[in-house]
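Heads up, the thing below is written out as structure tokens.
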Amino acid sequence: MVSVVLKDIRKTYEQVEVLKGVDLDIREGEFCVFVGPSGCGKSTLLRMIAGLESISSGELWIDGQLANDIAPAKRGLAMVFQSYALYPHMTVAENMGFGLRLAGKTKAEIAQRVRDVATILQLETLLDRKPKALSGGQRQRVAIGRAIARDPKVFLFDEPLSNLDAELRVRMRIELARLHEQLGTTMIYVTHDQVEAMTLADKIVVLDGGIVQQVGSPLELYTRPANRFVAGFIGSPKMNFIEAEAITQGNDACSTILLANKRQLKVRTPASGSLKQGEAVTLGIRPEHLTLSEHGAIPGEIEVVERLGSETYIHLNIGLPLPLVIKVYGNPEVRLHQAIAVDVMEDQCHLFDSNEHSHSR
Amino acid sequence: MSHLQQTPGQPGISSSKKARWTGNLSVAQAISYLLLAVSSLFTVFFFAWVVIASFKKNRDLFKFPWRLPDTWSIDNFVKVWTTNQFGVYFSNSIVVVCLSVILLLIVATPAAYVLSRSRFRGREGITNFFIVGMGIPVPLLFVPLFVTLSYIHLADTLTGLIVVYIALSIPFTVYVLTSFFSSLPHELEDAAILDGCRDWQVFWHVMLPLAMPGVATVALLNFVWLWNEYQLSLVLINSPENRTLSLGLYALINSMQYSGGDWASLFAGVTIVTVPTVILYLFLSERMIGGMTMGGVK
Amino acid sequence: MMRKRMIGLFLLPALVFYIGFVIAPAIQAIVLSFFDTSGFSDARRFVGLGNYAKLLGDEVFWKAGANTLLIMVIGGVAVFLLAFGYTMMINSGIRWRKLFRAAIFMPNIVAVVAITSFWSFLFMPRYGLLFSLLKHLQLDTLAGIAWTAPENVFWSMLLGLVWLSSGFFMILIMAGADKIPSDIYEAARLDGAGHVETFRHITLPMIWDVLAITYVLWLIQALKTMEFPYAFGGPNIDSNLYTTAIYLYVQGFGQRQPIYALGYATAIGVVMLVVTTVIVLACRRLMRRERLEY
């Protein structure tokens with residue numbers, strides 16, 4: 001059981017700073033997910049932890065030891081790659097035993113360990129096959145098996161499910177979750193898919209442009225996003241954003257804001273009390289927190305109706321450049337160009353100031 | 001020529017696709033078949049004729065060059081192998097070419113690996129440095145190589161020839177192998193490093209096995225060009241017992257001046273020289289042609 | 001991720017061979033060209049540009065140069081027409097593509113000496129294959145042509161050389177043509193292009209780059225031509241068959257009698273090197289055109 005600590009980690013590539021000071025504390029046994037759009041630096045960060053990239057400045061502590069200059073193989077890590085990176089000219093058994101072979105273990109030890117791992121992942125029948133004779137899911141498992149065989153203190157995953165088709169992805173996600181429960185080892189996982197992040201993680205680290213935007217549990221990120229980026233990144237369909245102006249009025253529990261389309265809305269006053277009168281704010285409201293009603297607070301005209309069977313997404317034109325997206329469960333009877341209105345759940349409103357920070361902080 | 005101009009309607013579309021939607025042959029295709037068949041047959045004919053001719057006696061050859069021999073005899077082969085020393089030349093060629101190719105690979109493969117995958121200052125410079133060698137006209141080097149080899153007492157020796165062969169094959173081999181190594185996936189290197197491989201172990205355990213197809217191709221190409229090579233051996237080898245096969249063939253033609261036109265034996269010699277490469281070609285033509293295109297389009 | 005020392009170690013053997021036996025000799029050749037020397041002894045005499053001056057006045061050199069030029073230009077055009085023609089024919093949707101390709105390329109894996117011996121026999125007067133064939137077909141006037149007479153021998157040789165090279169260059173051109181994705185042809189078909197339009201507006205422009213680069217390759221190769229004509233001409237090679245490379249060899253190592261004008265020979269070599277470099281540089285300049293990306 002090992003912890004990983006990052007202190008002000010920075011990385012510069014040819015004069016461009018791609019990671020701008022990352023501080024992170026990953027506890028023992030945690031499943032930590034790095035998530036963010038392409039180019040945000042999450043893979044680079046993972047590779048720096050692995051030792052495949054050098055650390056420009058900052059400290060990396062693994063299991064209480066300063067690891068900046070320790071060789072990758074000696075950091076007690078194992079990594080599962082996006083393309084699995086299985087050695088094509090070796091059999092499954094040889095792939096899984098390669099690291100042990102290099103470490104000088106005896107043939108008997110290697111064979112035993114390989115067998116044990118194969119049993120965990122149900123690969124016993126495939127041990128003599130070469131990677132090209134395996135399906136995508138099987139190769140995935142061999143890649144994981146190779147990592148487990150080394151008995152690492154920390155597992156690293158670099159977008160391991162991106163190359164699988166949708167159905168397989170769901171299945172493997174569950175297997176990974178089960179694996180974590182079984183082994184209990186610290187796991188660091190990189191993905192651009194926020195669904196994977198939400199379902200697998202104990203702790204999520206959202207990155208954008210080389211800066212950590214927020215660290216927290218999935219639910220924390222969902223209910224209390226620290227800024228507009230995180231709010232828009234987590235949750236699908238994306239949160240709706242409307243420009244507005246604050247008009248504090250009435251009792252202190254509720255404030256009123258004036259939306260860009262001249263509608264007024266009552267929202268719960270942020271606890272931090274930082275809301276000023278006349279301030280320009282951005283209202284964030286998730287599609288699932290809007291309800292259709294005849295006489296709701298915001299009227300509009302239906303532009304698009306997307307029916308998924310179990311739920312429906314309605315795009316409502318409310319007089320602003322972007323439509324409002326509403327998620328409704330089931331199959332409501334609505335038509336294109338129908339005039340209808342929405343109600344907003346007051347306590348589910350998020351307010352973001354002009355720096356895009358959340359007012360609830 | 002106008003028919004030919006009309007022909008190239010769909011270069012690139014596989015023949016099966018085309019056949020499906022035209023059904024029967026177009027005029028252009030018929031002409032193509034004809035002309036191509038003629039060209040191909042000419043080539044095959046040339047080879048077949050030479051082989052058959054070597055079984056004839058000289059008299060037959062001159063009187064009826066186009067007919068099959070009345071009597072098939074292997075006298076010519078025997079003569080050429082022993083009297084004309086082709087047996088010696090053959091073993092010389094085998095030794096020289098095999099050693100050259102093996103040593104060439106040992107020398108060039110690590111260099112190509114490092115040039116394609118490591119990051120260090122001057123990498124591009126050194127790569128270009130090697131590639132420039134492909135543009136140096138070999139005749140320019142005739143004299144200095146002869147002088148240099150004489151200086152180190154390797155002139156007129158097979159060893160000297162091997163050294164020169166290796167050196168001159170390096171630019172092309174490095175060029176082909178670097179582009180091949182660049183195409184291998186990077187993640188495998190990372191996986192190997194995490195598994196505990198040191199730098200040279202990554203090369204030895206992972207990258208090199210993966211590069212085998214490319215290495216095999218380049219070995220094949222070098223084998224063929226060295227086997228057939230004769231201008232360098234002409235310059236660097238003087239004594240008959242050191243001749244390679246190609247050079248030996250040339251010497252045989254030379255000597256025909258004096259021994260009269262023993263063409264039949266000559267063709268026997270030709271057969272001996274060409275049979276190894278033709279056999280290789282029969283089995284590996286696709287690989288060879290593929291290799292040429294890899295290296296040819298600079 | 002390699003240590004500097006390892007990198008050095010990996011590169012060293014190749015560099016040693018290469019510098020020692022390719023680069024150093026090349027430099028040596030350039031140096032030697034400024035001397036008048038007949039061997040590796042002390043009979044060396046510095047003559048500066050004397051060898052080059054001598055070259056300028058050397059008729060045989062100019063004849064050899066002219067021959068080389070003929071190979072480069074006329075030979076080049078012939079080779080490319082054939083190679084291009086082959087490519088188009090093989091790509092016209094017929095079957096057995098691989099077979100035809102392999103058969104036409106085959107002469108290139110056979111020793112040049114072997115091929116020239118065949119072509120010599122083909123052209124031999126009185127007993128040659130061609131002669132007896134023409135006689136059979138009763139084309140006596142054609143049969144009367146002395147293919148190997150001094151006036152004609154160059155052209156006979158060129159014929160054989162073109163035949164051999166067209167197979168090689170066909171492969172290169174085909175590689176370029178194969179790179180054109182078939183979707184483009186399908187789009188053209190949907191746009192209503194017939195055979196000729198497709199060829200003119202799509203195939204030709206798209207392989208133009210490949211054709212150009214390949215032609216440069218041919219020029220460089222043609223400049224170096226030595227093996228084919230030398231073997232074709234046999235032991236008494238006529239000066240009509242000389243190319244610059246052959247002349248270099250003759251000057252350096254002699255024909256029947258050794259000449260050993262080493263300095264003079266290397267001067268020829270340097271001229272060849274300079275011309276090669278000029279050609280390559282000129283072509284790079286000309287091809288600064290935008291490269292088609294697809």
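Chain labels A, B, ... are given in the sequence in which chains occur in the structure tokens; within each chain residues are numbered consecutively from 1, and ligands are likewise numbered from 1 in the order shown.
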
* Asked: Quick one: residues within 9 Å of region 310-322 of chain A, only C-alpha atoms counted, chain neighbours fewer than 5 positions away excluded, as an NGL selection string?
  -> :A and (237 or 241-242 or 260-261 or 287 or 298-305 or 327-332 or 334 or 340-341)

* What lies within 12 Å of His205 (chain B) using only C-alpha atoms, ignoring chain neighbours under 2 positions off, as an MDAnalysis selection string? -> (chainID A and resid 87:90 94:95 98:99 101:102) or (chainID B and resid 188:189 191:193 195:203 207:212)

Could you dump the residues just selected with N, CA and C atoms as an mmCIF file, in the first residue's frame?
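Dumped to part27.cif:
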data_model
loop_
_atom_site.group_PDB
_atom_site.id
_atom_site.type_symbol
_atom_site.label_atom_id
_atom_site.label_comp_id
_atom_site.auth_asym_id
_atom_site.auth_seq_id
_atom_site.Cartn_x
_atom_site.Cartn_y
_atom_site.Cartn_z
ATOM 1 N N TYR A 87 4.477 -7.387 -26.488
ATOM 2 C CA TYR A 87 5.581 -7.747 -27.382
ATOM 3 C C TYR A 87 5.068 -8.769 -28.397
ATOM 4 N N PRO A 88 5.017 -8.386 -29.682
ATOM 5 C CA PRO A 88 4.347 -9.259 -30.654
ATOM 6 C C PRO A 88 5.070 -10.581 -30.874
ATOM 7 N N HIS A 89 6.357 -10.592 -30.631
ATOM 8 C CA HIS A 89 7.095 -11.813 -30.937
ATOM 9 C C HIS A 89 7.160 -12.760 -29.734
ATOM 10 N N MET A 90 6.503 -12.378 -28.632
ATOM 11 C CA MET A 90 6.518 -13.273 -27.465
ATOM 12 C C MET A 90 5.112 -13.808 -27.202
ATOM 13 N N GLU A 94 5.241 -15.386 -22.077
ATOM 14 C CA GLU A 94 6.529 -14.685 -22.117
ATOM 15 C C GLU A 94 6.340 -13.196 -21.876
ATOM 16 N N ASN A 95 5.247 -12.655 -22.406
ATOM 17 C CA ASN A 95 4.962 -11.243 -22.200
ATOM 18 C C ASN A 95 4.819 -10.950 -20.713
ATOM 19 N N PHE A 98 8.209 -11.320 -18.759
ATOM 20 C CA PHE A 98 9.409 -10.630 -19.226
ATOM 21 C C PHE A 98 10.073 -9.816 -18.134
ATOM 22 N N GLY A 99 9.276 -9.023 -17.428
ATOM 23 C CA GLY A 99 9.854 -8.187 -16.383
ATOM 24 C C GLY A 99 10.544 -9.020 -15.319
ATOM 25 N N ARG A 101 11.817 -11.935 -15.751
ATOM 26 C CA ARG A 101 13.031 -12.513 -16.334
ATOM 27 C C ARG A 101 14.181 -11.536 -16.213
ATOM 28 N N LEU A 102 13.885 -10.273 -16.525
ATOM 29 C CA LEU A 102 14.933 -9.263 -16.455
ATOM 30 C C LEU A 102 15.385 -9.044 -15.025
ATOM 31 N N LEU B 188 6.086 0.178 -27.151
ATOM 32 C CA LEU B 188 6.796 -1.051 -26.798
ATOM 33 C C LEU B 188 8.104 -0.737 -26.087
ATOM 34 N N GLU B 189 8.747 0.338 -26.516
ATOM 35 C CA GLU B 189 9.972 0.728 -25.833
ATOM 36 C C GLU B 189 9.686 1.088 -24.399
ATOM 37 N N ALA B 191 7.174 0.128 -22.564
ATOM 38 C CA ALA B 191 6.830 -1.064 -21.796
ATOM 39 C C ALA B 191 8.099 -1.810 -21.400
ATOM 40 N N ALA B 192 9.040 -1.900 -22.338
ATOM 41 C CA ALA B 192 10.277 -2.618 -22.037
ATOM 42 C C ALA B 192 11.059 -1.911 -20.945
ATOM 43 N N ILE B 193 11.089 -0.580 -20.999
ATOM 44 C CA ILE B 193 11.807 0.163 -19.965
ATOM 45 C C ILE B 193 11.179 -0.080 -18.609
ATOM 46 N N ASP B 195 9.542 -2.599 -17.771
ATOM 47 C CA ASP B 195 9.777 -3.982 -17.366
ATOM 48 C C ASP B 195 11.194 -4.173 -16.855
ATOM 49 N N GLY B 196 12.019 -3.153 -17.036
ATOM 50 C CA GLY B 196 13.356 -3.257 -16.477
ATOM 51 C C GLY B 196 14.472 -3.365 -17.478
ATOM 52 N N CYS B 197 14.202 -3.169 -18.769
ATOM 53 C CA CYS B 197 15.275 -3.260 -19.752
ATOM 54 C C CYS B 197 16.179 -2.041 -19.697
ATOM 55 N N ARG B 198 17.476 -2.301 -19.764
ATOM 56 C CA ARG B 198 18.392 -1.184 -19.907
ATOM 57 C C ARG B 198 18.438 -0.830 -21.388
ATOM 58 N N ASP B 199 19.138 0.261 -21.707
ATOM 59 C CA ASP B 199 19.036 0.756 -23.081
ATOM 60 C C ASP B 199 19.372 -0.299 -24.137
ATOM 61 N N TRP B 200 20.492 -0.984 -23.976
ATOM 62 C CA TRP B 200 20.832 -1.937 -25.026
ATOM 63 C C TRP B 200 19.908 -3.148 -24.996
ATOM 64 N N GLN B 201 19.312 -3.413 -23.824
ATOM 65 C CA GLN B 201 18.396 -4.540 -23.736
ATOM 66 C C GLN B 201 17.105 -4.254 -24.482
ATOM 67 N N VAL B 202 16.689 -3.003 -24.481
ATOM 68 C CA VAL B 202 15.506 -2.644 -25.252
ATOM 69 C C VAL B 202 15.743 -2.993 -26.709
ATOM 70 N N PHE B 203 16.933 -2.655 -27.185
ATOM 71 C CA PHE B 203 17.286 -2.965 -28.571
ATOM 72 C C PHE B 203 17.306 -4.462 -28.797
ATOM 73 N N MET B 207 13.263 -4.345 -29.817
ATOM 74 C CA MET B 207 13.282 -3.656 -31.106
ATOM 75 C C MET B 207 13.874 -4.505 -32.210
ATOM 76 N N LEU B 208 14.959 -5.174 -31.924
ATOM 77 C CA LEU B 208 15.606 -5.966 -32.965
ATOM 78 C C LEU B 208 14.717 -7.098 -33.456
ATOM 79 N N PRO B 209 14.112 -7.908 -32.563
ATOM 80 C CA PRO B 209 13.213 -8.956 -33.060
ATOM 81 C C PRO B 209 12.097 -8.385 -33.919
ATOM 82 N N LEU B 210 11.586 -7.207 -33.524
ATOM 83 C CA LEU B 210 10.515 -6.620 -34.299
ATOM 84 C C LEU B 210 10.978 -6.162 -35.668
ATOM 85 N N ALA B 211 12.252 -5.813 -35.759
ATOM 86 C CA ALA B 211 12.754 -5.273 -37.017
ATOM 87 C C ALA B 211 13.153 -6.362 -37.988
ATOM 88 N N MET B 212 13.041 -7.618 -37.571
ATOM 89 C CA MET B 212 13.521 -8.708 -38.420
ATOM 90 C C MET B 212 13.026 -8.676 -39.860
#

Do you have, as CSV, the list of residues of chain A lying at most 12 Å from chain C, each with its nearest atom pair and that distance in Å to one decimal, counting only C-alpha atoms and ordered by chain then number?
residue,atom,partner,partner_atom,distance
A:Gly51,CA,C:Met1,CA,10.7
A:Leu52,CA,C:Met1,CA,8.5
A:Glu53,CA,C:Met1,CA,9.4
A:Ser54,CA,C:Met1,CA,10.3
A:Ala71,CA,C:Met1,CA,10.9
A:Pro72,CA,C:Met1,CA,11.1

Pull C-alpha atoms from the residues just selected and write them as a compact mmCIF listing (two decimals), in the first residue's frame.
# COMPACT_ATOMS: atom_id res chain seq x y z
CA GLY A 51 9.77 7.77 -15.16
CA LEU A 52 9.35 7.74 -18.91
CA GLU A 53 9.58 11.51 -19.02
CA SER A 54 11.95 13.59 -16.96
CA ALA A 71 15.02 4.43 -12.83
CA PRO A 72 11.52 3.58 -14.03

Would you mind listing what lies within 10 Å of Val215 (chain A) as an mmCIF file with N, CA and C atoms, in the first residue's frame, with only C-alpha atoms counted and same-chain residues fewer than 5 positions away left out?
data_model
loop_
_atom_site.group_PDB
_atom_site.id
_atom_site.type_symbol
_atom_site.label_atom_id
_atom_site.label_comp_id
_atom_site.auth_asym_id
_atom_site.auth_seq_id
_atom_site.Cartn_x
_atom_site.Cartn_y
_atom_site.Cartn_z
ATOM 1 N N LEU A 24 -0.272 17.242 -5.664
ATOM 2 C CA LEU A 24 -1.253 16.172 -5.558
ATOM 3 C C LEU A 24 -0.877 15.216 -4.460
ATOM 4 N N ASP A 25 -1.884 14.674 -3.810
ATOM 5 C CA ASP A 25 -1.644 13.729 -2.735
ATOM 6 C C ASP A 25 -2.515 12.513 -2.982
ATOM 7 N N CYS A 32 -7.186 6.781 -8.387
ATOM 8 C CA CYS A 32 -7.161 8.190 -8.741
ATOM 9 C C CYS A 32 -7.183 8.341 -10.245
ATOM 10 N N VAL A 33 -8.086 9.201 -10.744
ATOM 11 C CA VAL A 33 -8.205 9.350 -12.193
ATOM 12 C C VAL A 33 -7.784 10.744 -12.625
ATOM 13 N N PHE A 34 -6.888 10.827 -13.586
ATOM 14 C CA PHE A 34 -6.539 12.104 -14.212
ATOM 15 C C PHE A 34 -7.442 12.251 -15.424
ATOM 16 N N LYS A 203 -10.991 9.286 -6.414
ATOM 17 C CA LYS A 203 -10.615 10.707 -6.467
ATOM 18 C C LYS A 203 -10.358 11.065 -7.916
ATOM 19 N N ILE A 204 -10.912 12.206 -8.342
ATOM 20 C CA ILE A 204 -10.684 12.646 -9.721
ATOM 21 C C ILE A 204 -9.837 13.909 -9.719
ATOM 22 N N VAL A 205 -8.870 13.960 -10.643
ATOM 23 C CA VAL A 205 -8.066 15.167 -10.822
ATOM 24 C C VAL A 205 -8.387 15.704 -12.209
ATOM 25 N N VAL A 206 -9.009 16.880 -12.263
ATOM 26 C CA VAL A 206 -9.356 17.470 -13.558
ATOM 27 C C VAL A 206 -8.233 18.408 -13.990
ATOM 28 N N LEU A 207 -7.723 18.190 -15.188
ATOM 29 C CA LEU A 207 -6.621 19.006 -15.688
ATOM 30 C C LEU A 207 -7.037 19.752 -16.936
ATOM 31 N N GLU A 220 -18.394 15.129 -5.543
ATOM 32 C CA GLU A 220 -17.996 16.501 -5.247
ATOM 33 C C GLU A 220 -17.891 17.307 -6.523
ATOM 34 N N LEU A 221 -17.225 16.719 -7.501
ATOM 35 C CA LEU A 221 -17.036 17.438 -8.755
ATOM 36 C C LEU A 221 -18.358 17.706 -9.440
ATOM 37 N N PRO A 225 -18.685 21.976 -8.538
ATOM 38 C CA PRO A 225 -17.525 22.233 -9.391
ATOM 39 C C PRO A 225 -16.871 23.551 -9.011
ATOM 40 N N ALA A 226 -15.570 23.567 -8.996
ATOM 41 C CA ALA A 226 -14.847 24.762 -8.539
ATOM 42 C C ALA A 226 -14.853 25.855 -9.597
ATOM 43 N N VAL A 230 -14.594 22.796 -15.002
ATOM 44 C CA VAL A 230 -14.955 21.510 -14.403
ATOM 45 C C VAL A 230 -16.450 21.274 -14.538
#

* Could you pull out all residues of region 56-186 of chain B with a DSSP call of helix (DSSP H, G or I) and give them as number ranges by chain? -> B: 58-63, 75-82, 86-117, 123-135, 138-151, 158-182, 186

* To do: Write out as a list of chain:residue names all residues of region 123-240 of chain A that backbone DSSP assigns to strand (DSSP E).
  =>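 These are the residues in question: A:Val154, A:Phe155, A:Leu156, A:Phe157, A:Asp158, A:Thr186, A:Met187, A:Ile188, A:Tyr189, A:Val190, A:Thr191, A:Lys203, A:Ile204, A:Val205, A:Val206, A:Leu207, A:Asp208, A:Ile211, A:Val212, A:Gln213, A:Gln214, A:Val215, A:Gly216, A:Asn240.
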
Restricted to N, CA and C atoms, what would the selected residues look like written as a PDB file, in the first residue's frame?
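So out.pdb came out as:
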ATOM      1  N   VAL A 154       2.204   0.538  -7.329  1.00  0.00           N
ATOM      2  CA  VAL A 154       1.220   1.421  -7.946  1.00  0.00           C
ATOM      3  C   VAL A 154       0.972   0.961  -9.384  1.00  0.00           C
ATOM      4  N   PHE A 155      -0.296   0.927  -9.768  1.00  0.00           N
ATOM      5  CA  PHE A 155      -0.638   0.629 -11.154  1.00  0.00           C
ATOM      6  C   PHE A 155      -0.871   1.937 -11.895  1.00  0.00           C
ATOM      7  N   LEU A 156      -0.343   2.027 -13.114  1.00  0.00           N
ATOM      8  CA  LEU A 156      -0.609   3.194 -13.950  1.00  0.00           C
ATOM      9  C   LEU A 156      -1.376   2.741 -15.182  1.00  0.00           C
ATOM     10  N   PHE A 157      -2.426   3.464 -15.515  1.00  0.00           N
ATOM     11  CA  PHE A 157      -3.205   3.123 -16.706  1.00  0.00           C
ATOM     12  C   PHE A 157      -3.247   4.335 -17.626  1.00  0.00           C
ATOM     13  N   ASP A 158      -2.834   4.157 -18.882  1.00  0.00           N
ATOM     14  CA  ASP A 158      -2.865   5.266 -19.834  1.00  0.00           C
ATOM     15  C   ASP A 158      -3.953   5.033 -20.865  1.00  0.00           C
ATOM     16  N   THR A 186      -2.866   0.888  -5.027  1.00  0.00           N
ATOM     17  CA  THR A 186      -3.067   2.245  -5.530  1.00  0.00           C
ATOM     18  C   THR A 186      -3.074   2.200  -7.058  1.00  0.00           C
ATOM     19  N   MET A 187      -4.049   2.900  -7.644  1.00  0.00           N
ATOM     20  CA  MET A 187      -4.129   2.919  -9.102  1.00  0.00           C
ATOM     21  C   MET A 187      -4.267   4.348  -9.608  1.00  0.00           C
ATOM     22  N   ILE A 188      -3.459   4.699 -10.586  1.00  0.00           N
ATOM     23  CA  ILE A 188      -3.579   6.008 -11.220  1.00  0.00           C
ATOM     24  C   ILE A 188      -3.987   5.783 -12.671  1.00  0.00           C
ATOM     25  N   TYR A 189      -5.059   6.440 -13.070  1.00  0.00           N
ATOM     26  CA  TYR A 189      -5.719   6.118 -14.333  1.00  0.00           C
ATOM     27  C   TYR A 189      -5.919   7.397 -15.127  1.00  0.00           C
ATOM     28  N   VAL A 190      -5.534   7.369 -16.395  1.00  0.00           N
ATOM     29  CA  VAL A 190      -5.694   8.560 -17.239  1.00  0.00           C
ATOM     30  C   VAL A 190      -6.768   8.293 -18.282  1.00  0.00           C
ATOM     31  N   THR A 191      -7.678   9.234 -18.453  1.00  0.00           N
ATOM     32  CA  THR A 191      -8.696   9.081 -19.494  1.00  0.00           C
ATOM     33  C   THR A 191      -9.228  10.438 -19.905  1.00  0.00           C
ATOM     34  N   LYS A 203     -10.991   9.286  -6.414  1.00  0.00           N
ATOM     35  CA  LYS A 203     -10.615  10.707  -6.467  1.00  0.00           C
ATOM     36  C   LYS A 203     -10.358  11.065  -7.916  1.00  0.00           C
ATOM     37  N   ILE A 204     -10.912  12.206  -8.342  1.00  0.00           N
ATOM     38  CA  ILE A 204     -10.684  12.646  -9.721  1.00  0.00           C
ATOM     39  C   ILE A 204      -9.837  13.909  -9.719  1.00  0.00           C
ATOM     40  N   VAL A 205      -8.870  13.960 -10.643  1.00  0.00           N
ATOM     41  CA  VAL A 205      -8.066  15.167 -10.822  1.00  0.00           C
ATOM     42  C   VAL A 205      -8.387  15.704 -12.209  1.00  0.00           C
ATOM     43  N   VAL A 206      -9.009  16.880 -12.263  1.00  0.00           N
ATOM     44  CA  VAL A 206      -9.356  17.470 -13.558  1.00  0.00           C
ATOM     45  C   VAL A 206      -8.233  18.408 -13.990  1.00  0.00           C
ATOM     46  N   LEU A 207      -7.723  18.190 -15.188  1.00  0.00           N
ATOM     47  CA  LEU A 207      -6.621  19.006 -15.688  1.00  0.00           C
ATOM     48  C   LEU A 207      -7.037  19.752 -16.936  1.00  0.00           C
ATOM     49  N   ASP A 208      -6.535  20.963 -17.078  1.00  0.00           N
ATOM     50  CA  ASP A 208      -6.738  21.692 -18.319  1.00  0.00           C
ATOM     51  C   ASP A 208      -5.546  22.618 -18.518  1.00  0.00           C
ATOM     52  N   ILE A 211      -2.770  22.722 -15.824  1.00  0.00           N
ATOM     53  CA  ILE A 211      -3.055  23.176 -14.456  1.00  0.00           C
ATOM     54  C   ILE A 211      -4.170  22.309 -13.885  1.00  0.00           C
ATOM     55  N   VAL A 212      -4.023  21.979 -12.613  1.00  0.00           N
ATOM     56  CA  VAL A 212      -5.072  21.208 -11.954  1.00  0.00           C
ATOM     57  C   VAL A 212      -6.252  22.133 -11.703  1.00  0.00           C
ATOM     58  N   GLN A 213      -7.413  21.766 -12.235  1.00  0.00           N
ATOM     59  CA  GLN A 213      -8.595  22.599 -12.070  1.00  0.00           C
ATOM     60  C   GLN A 213      -9.324  22.273 -10.778  1.00  0.00           C
ATOM     61  N   GLN A 214      -9.386  21.001 -10.464  1.00  0.00           N
ATOM     62  CA  GLN A 214     -10.041  20.614  -9.216  1.00  0.00           C
ATOM     63  C   GLN A 214      -9.688  19.178  -8.891  1.00  0.00           C
ATOM     64  N   VAL A 215      -9.621  18.905  -7.589  1.00  0.00           N
ATOM     65  CA  VAL A 215      -9.408  17.526  -7.139  1.00  0.00           C
ATOM     66  C   VAL A 215     -10.532  17.187  -6.193  1.00  0.00           C
ATOM     67  N   GLY A 216     -11.175  16.024  -6.415  1.00  0.00           N
ATOM     68  CA  GLY A 216     -12.241  15.675  -5.473  1.00  0.00           C
ATOM     69  C   GLY A 216     -12.874  14.361  -5.850  1.00  0.00           C
ATOM     70  N   ASN A 240     -25.713  23.685 -18.912  1.00  0.00           N
ATOM     71  CA  ASN A 240     -26.080  24.886 -19.651  1.00  0.00           C
ATOM     72  C   ASN A 240     -25.470  26.101 -18.996  1.00  0.00           C
TER      73      ASN A 240
END

* Can you tell me how far CA of Pro107 (chain C) sits from CA of Ser39 (chain B), in Å to one decimal? ->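 Going from CA of Pro107 (chain C) over to CA of Ser39 (chain B), I get 11.4 Å.
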